[in-house]
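See structure below.
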Amino acid sequence: MMSKEQFNELPRPTFRWMKVNHLELDPLAAQELQPVELAIRQEGCAEVRTYEGNELPDLGDFQGASEASLAQVQKGGNVNCSVTVPAGEEASVWISYTVTGDVPLLVGQLKLQAGKDSRLHVYELFDGNAEGGLVNLLQYVEAGDGAQVTISKVQIHGEKVRHIDQRLTREGKEAQVKFVSAEVGGHQNLVYVRTDLDHDEAQFKSASMYLGSDDQLFDYSYWVPTKGCKTDTDILTTGALMGTSKKYFRGTIDFLRGGKKAVGNESDVCLLLNKGVHSISVPLLLCKEDDVVGNHASSSGQIDQDMLFYLMSRGFNEAGAQLIIVESNIRPVIDQLGDENLENKALQAVRTKMQFCHQKGNCHDKCTQRFPHLD
Amino acid sequence: MTEEKNAALARETSADEQKLQKERKTIDALTDFSNMYDFKKASNHEYKTEAGLTPDVVREISAKKDEPQWMLDARLKSLDLYYQIPYPVWGPDISGLDMANIVTYVRPNARMSANWNDLPEDIKDTFDRLGIPEAEKTSLAGVGAQYDSEVVYHSIQDELVKQGVVYTDFDTAVKKYEDIVRKHFMKLIPPTDHKFAALHGAVWSGGSFVYVPEGVDVSIPLQSYFRLNAPGAGQFEHTMIIVEKGAKVHFIEGCSAPKYNVANLHAGAVELFIGDDATLTYSTIENWSKNMYNMNTKRAIVGKNGTINWVTGSFGSHTSCLYPMSILNGEGAHCEFTGVTFAGKGQYLDTGSKVVHNAPHTTSNINSKSISKDGGVCIYRGSVVINECAEGSKSNVSCESLMLDEQSQSDTIPAIVIKNDNVDLGHEAKIGRISDEAIFYLMSRGLSEDEARAMLVRGFVDPVSKALPLEYAVEMNNLINLELKGSM
């Protein structure tokens, strides 16, 4: 029997019986990588090129989503790409990663290097579906002093794809890195983010939304060691779960000694829409420095019934009212994507998914249970 | 004449000053709690086992206690498990603890009595200095006192005995209430749970047994105090409390030990069975010495509409792993956890709370506060599990950590697992230090910086103080003052 692969290891493990220290999944059957041409568009001053082999620098103690998945992307892949923005310049790059029956495996590296005081915005679209589909991408971000890098991502794969997104970020002084992600598709979605704030006044912001249905899995893992002074970390994941979907949130803000006046916030919000859903949250604050402010918050629950009732009293049916509430919860993230096309794709995917679930009748029982007089 | 008058005045003034100084010394002596817990008595034991852990040691303990065969069998089974189970990998470093050097059983030179005067002078003096007999007179309905491995004093008010309340040492309970004990012993904390639970199952000794019959309200608290005097020894007391339907009781647990240069170990077990509509408040002021490894396990199971209230103050020990667990098994069961942990120099206190919601409409409220100072390490490690069957359950978790200097460390490691859509869960945690503005304000009102800090720390732990009876709140404040002075 093949042993399970462990993903998203918690940097500080806790009780074993909780089974939250990592996620175990069956390894996917080995398949051969097919060549693929990435759809890339760019604006502004950036050198964008694809490459073969490994061009990443030494990753230090970066452990990646799992040992095997990190090794796989370091071997090289079929979607390796490098984007370099010179100091003081500005650029936007659009990249689409599409899984197809002919190319079910997309494995590779995305190396982003932003010079001093430069601006880089990368827009990523992940879509397509294939039996045994796998996307395994390591995104390496190097933001020079004062540079601003934003990655906006929409992931709307089909239900057969395993999506692994590993990110290592190194920031210079006063650099700002922002991740905005909308994860709607895929079967098993694993996000592993490590951001080193080694320099003063570096900022890291991450806003992610998810919408789970059927037996979908979302596993988010963040680890932000803050060594520089006056660094600012803000991590938000928000979303909703339907069917028997599962969400893991493992967020670790690690205030290291010397990182004075650092601020760190992490927040995990989850709307629970069906009986069989699982929401697991492990928000860690590790603190070796006294002159910091660290907060985390986590909340899970059903849709507020008063809100639902109000909307239904204004003429919406339950499905419509639920959609409005879920959308209001995730919209602040989608609005930050910064690209109308991506925003529309994310919203369309959310609406289609919720409608589809309602058509399947998942919500009808609950509707009549709550408001029998309206049935 | 004037010179004589002046000389007389000077003499008077000097006499006044001397009197004042004397009074100050008296007041200082009366309010100096630094030696209240850390005083040693010569180890005057009747018997003790060899250091280390072998089947022979376990058989010896059982034989000395003249136990029934089933208990010896349970001990040996636990010992087997102890050998098999590895040390946990997620917790603090316990490499300084070598079981080969720990003496697991030390019988003091005293038989259990219900009269303090029957005890040998050194043991009586120990509990006098800890204020136990005085507290018994003023504010307790029953007292148990354990010295090293055995309970030396136990008493309970006649009024409670007439109502059917049982409060006795655990060794007596094993014989006198064998059926009840056998039914419940190590059922909530099975020896398979973890290495120290297995260790406890093998070498447990002493502890308390409380049984509160249906509908009885024990309005005045019961207290058990555990004192470990022998260097290099372990204390493994077993506490079992059964609160029947609609009954109510408040149990207070206190513990301390003098400081030695060798490691001591505490691996007690507390099993609490709370019936339908019953309420148990379990308060602990833990002040083990700073050479102690505190690996205690506490667990409660709560019936329909029952309530468990945990109030804990953790101040002592070198290393602690303590996570009282509540299993809310009956519909509408409730858990309230209020705890404060204060880690000073050289301390690594890994504490928290675990709650499992196993029935509909169960609720839990966890409020944890921690303070780290002089390089002390405070970890909040908690868990909340809301299972599929716990429809309509609610849980609220709040952790606040205060760092008093830049050498200290404070981590929060909560884990929340929800397997049900119809729940309401809120969790928040904050880490920070005392605000400079607050100190400045208090200093502008005439307080010194140290006084201002002490006042703010006392304010920070106020919710825990409020949950304790007055005498224990005072003791806790004294412990905080001692920690702030760094004199413990």
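Residues are referred to by chain and number: the chain letter is A, B, ... according to the order shown in the structure tokens, the number counts from 1 in that chain, and ligands are numbered separately from 1 in the order shown.
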
Proximity check chain B to chain A, 7 Å, nearest pairs one decimal Å, only C-alpha atoms, as CSV:
```
residue,atom,partner,partner_atom,distance
B:Trp90,CA,A:Pro13,CA,5.4
B:Met403,CA,A:Asp290,CA,5.2
B:Leu404,CA,A:Asp290,CA,6.9
B:Asp405,CA,A:Asp290,CA,5.9
B:Glu406,CA,A:Asp290,CA,5.0
B:Ser408,CA,A:Lys288,CA,6.2
B:Gln409,CA,A:Lys288,CA,4.5
B:Ser410,CA,A:Cys287,CA,5.1
B:Asp411,CA,A:Leu286,CA,4.3
B:Thr412,CA,A:Leu285,CA,5.2
B:Ile413,CA,A:Leu284,CA,5.0
B:Pro414,CA,A:Val282,CA,5.8
B:Ala415,CA,A:Val282,CA,4.5
B:Ile416,CA,A:Ser281,CA,5.0
B:Val417,CA,A:Ile280,CA,4.4
B:Ile418,CA,A:Ser279,CA,5.0
B:Lys419,CA,A:His278,CA,4.5
B:Asn420,CA,A:Lys275,CA,5.6
B:Asp421,CA,A:Leu272,CA,4.8
B:Asn422,CA,A:Gln302,CA,6.0
B:Val423,CA,A:Gly301,CA,5.2
B:Asp424,CA,A:Gly301,CA,4.7
B:Leu425,CA,A:Ser300,CA,5.2
B:Gly426,CA,A:Ser299,CA,4.6
B:His427,CA,A:Ser298,CA,4.9
B:Glu428,CA,A:Ala297,CA,4.3
B:Ala429,CA,A:His296,CA,5.2
B:Lys430,CA,A:Asn295,CA,4.6
B:Ile431,CA,A:Gly294,CA,5.0
B:Gly432,CA,A:Val293,CA,5.1
B:Arg433,CA,A:Asp290,CA,5.8
```

request  = Write out as an NGL selection string which residues come within 12 Å of range 338-345 of chain A when counting only C-alpha atoms, dropping same-chain ones fewer than 3 positions away.
outcome  = :A and (92-96 or 121-127 or 150-157 or 178-185 or 330-335 or 348-352)

Near-Tyr192 in chain A list (12 Å; only C-alpha atoms; drop same-chain fewer than 3 positions) as JSON, numbers by chain = {"A": [7, 8, 9, 10, 11, 22, 23, 62, 63, 64, 65, 66, 69, 70, 136, 137, 138, 139, 140, 163, 164, 165, 166, 167, 168, 169, 189, 195, 218, 219, 220, 221, 222, 223, 224, 248, 249, 250, 251, 252]}

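Among the candidates A:Gln355, A:Ser208, A:Gln31, A:Gln336, the residue lying nearest to Gly320 in chain A is A:Gln355 (atoms considered: only C-alpha atoms).
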
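Within range 272-365 of chain A, DSSP run on the backbone puts these residues in strand (DSSP E): Leu272, His278, Ser279, Ile280, Ser281, Val282, Pro283, Leu284, Leu285, Leu286, Cys287, Val292, Val293, Gly294, Asn295, His296, Ala297, Ser298, Ser299, Ser300 and Gly301 of chain A.
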
Using N, CA and C atoms, can you write the selected residues to a file as a PDB file, in the first residue's frame?
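See out-v3.pdb below for the written result:
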```pdb
ATOM      1  N   LEU A 272     -20.921  28.267   7.365  1.00  0.00           N
ATOM      2  CA  LEU A 272     -21.198  26.839   7.255  1.00  0.00           C
ATOM      3  C   LEU A 272     -22.608  26.672   6.701  1.00  0.00           C
ATOM      4  N   HIS A 278     -16.789  20.527   7.287  1.00  0.00           N
ATOM      5  CA  HIS A 278     -15.811  20.571   8.370  1.00  0.00           C
ATOM      6  C   HIS A 278     -14.985  21.851   8.228  1.00  0.00           C
ATOM      7  N   SER A 279     -14.853  22.571   9.322  1.00  0.00           N
ATOM      8  CA  SER A 279     -14.006  23.759   9.314  1.00  0.00           C
ATOM      9  C   SER A 279     -12.960  23.617  10.410  1.00  0.00           C
ATOM     10  N   ILE A 280     -11.713  23.647  10.030  1.00  0.00           N
ATOM     11  CA  ILE A 280     -10.628  23.471  11.001  1.00  0.00           C
ATOM     12  C   ILE A 280      -9.762  24.720  10.968  1.00  0.00           C
ATOM     13  N   SER A 281      -9.505  25.249  12.144  1.00  0.00           N
ATOM     14  CA  SER A 281      -8.778  26.499  12.207  1.00  0.00           C
ATOM     15  C   SER A 281      -7.677  26.409  13.264  1.00  0.00           C
ATOM     16  N   VAL A 282      -6.467  26.719  12.856  1.00  0.00           N
ATOM     17  CA  VAL A 282      -5.342  26.686  13.811  1.00  0.00           C
ATOM     18  C   VAL A 282      -4.541  27.981  13.647  1.00  0.00           C
ATOM     19  N   PRO A 283      -5.022  29.052  14.253  1.00  0.00           N
ATOM     20  CA  PRO A 283      -4.329  30.333  14.100  1.00  0.00           C
ATOM     21  C   PRO A 283      -3.292  30.536  15.215  1.00  0.00           C
ATOM     22  N   LEU A 284      -2.020  30.498  14.853  1.00  0.00           N
ATOM     23  CA  LEU A 284      -0.953  30.575  15.857  1.00  0.00           C
ATOM     24  C   LEU A 284      -0.327  31.970  15.913  1.00  0.00           C
ATOM     25  N   LEU A 285      -0.057  32.402  17.121  1.00  0.00           N
ATOM     26  CA  LEU A 285       0.737  33.612  17.316  1.00  0.00           C
ATOM     27  C   LEU A 285       1.940  33.201  18.155  1.00  0.00           C
ATOM     28  N   LEU A 286       3.123  33.322  17.603  1.00  0.00           N
ATOM     29  CA  LEU A 286       4.332  32.978  18.355  1.00  0.00           C
ATOM     30  C   LEU A 286       5.092  34.275  18.614  1.00  0.00           C
ATOM     31  N   CYS A 287       5.481  34.493  19.851  1.00  0.00           N
ATOM     32  CA  CYS A 287       5.965  35.826  20.201  1.00  0.00           C
ATOM     33  C   CYS A 287       7.195  35.765  21.102  1.00  0.00           C
ATOM     34  N   VAL A 292       5.334  44.330  20.430  1.00  0.00           N
ATOM     35  CA  VAL A 292       4.590  44.015  19.205  1.00  0.00           C
ATOM     36  C   VAL A 292       3.094  43.981  19.535  1.00  0.00           C
ATOM     37  N   VAL A 293       2.294  44.007  18.508  1.00  0.00           N
ATOM     38  CA  VAL A 293       0.859  43.807  18.709  1.00  0.00           C
ATOM     39  C   VAL A 293       0.431  42.662  17.795  1.00  0.00           C
ATOM     40  N   GLY A 294      -0.078  41.614  18.381  1.00  0.00           N
ATOM     41  CA  GLY A 294      -0.523  40.469  17.590  1.00  0.00           C
ATOM     42  C   GLY A 294      -1.964  40.129  17.915  1.00  0.00           C
ATOM     43  N   ASN A 295      -2.756  39.944  16.892  1.00  0.00           N
ATOM     44  CA  ASN A 295      -4.157  39.577  17.098  1.00  0.00           C
ATOM     45  C   ASN A 295      -4.534  38.455  16.163  1.00  0.00           C
ATOM     46  N   HIS A 296      -5.339  37.545  16.640  1.00  0.00           N
ATOM     47  CA  HIS A 296      -5.985  36.677  15.676  1.00  0.00           C
ATOM     48  C   HIS A 296      -7.436  36.440  16.062  1.00  0.00           C
ATOM     49  N   ALA A 297      -8.220  36.184  15.050  1.00  0.00           N
ATOM     50  CA  ALA A 297      -9.638  35.984  15.297  1.00  0.00           C
ATOM     51  C   ALA A 297     -10.115  34.891  14.363  1.00  0.00           C
ATOM     52  N   SER A 298     -11.042  34.125  14.842  1.00  0.00           N
ATOM     53  CA  SER A 298     -11.568  33.053  14.022  1.00  0.00           C
ATOM     54  C   SER A 298     -13.051  32.936  14.332  1.00  0.00           C
ATOM     55  N   SER A 299     -13.854  32.868  13.313  1.00  0.00           N
ATOM     56  CA  SER A 299     -15.276  32.686  13.606  1.00  0.00           C
ATOM     57  C   SER A 299     -15.892  31.761  12.564  1.00  0.00           C
ATOM     58  N   SER A 300     -16.787  30.915  13.034  1.00  0.00           N
ATOM     59  CA  SER A 300     -17.489  29.986  12.159  1.00  0.00           C
ATOM     60  C   SER A 300     -18.938  29.928  12.584  1.00  0.00           C
ATOM     61  N   GLY A 301     -19.806  29.851  11.641  1.00  0.00           N
ATOM     62  CA  GLY A 301     -21.212  29.735  12.001  1.00  0.00           C
ATOM     63  C   GLY A 301     -22.081  29.744  10.773  1.00  0.00           C
TER      64      GLY A 301
END
```

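You will find CA of Asp304 in chain A at 14.2 Å from CA of Lys394 in chain B.
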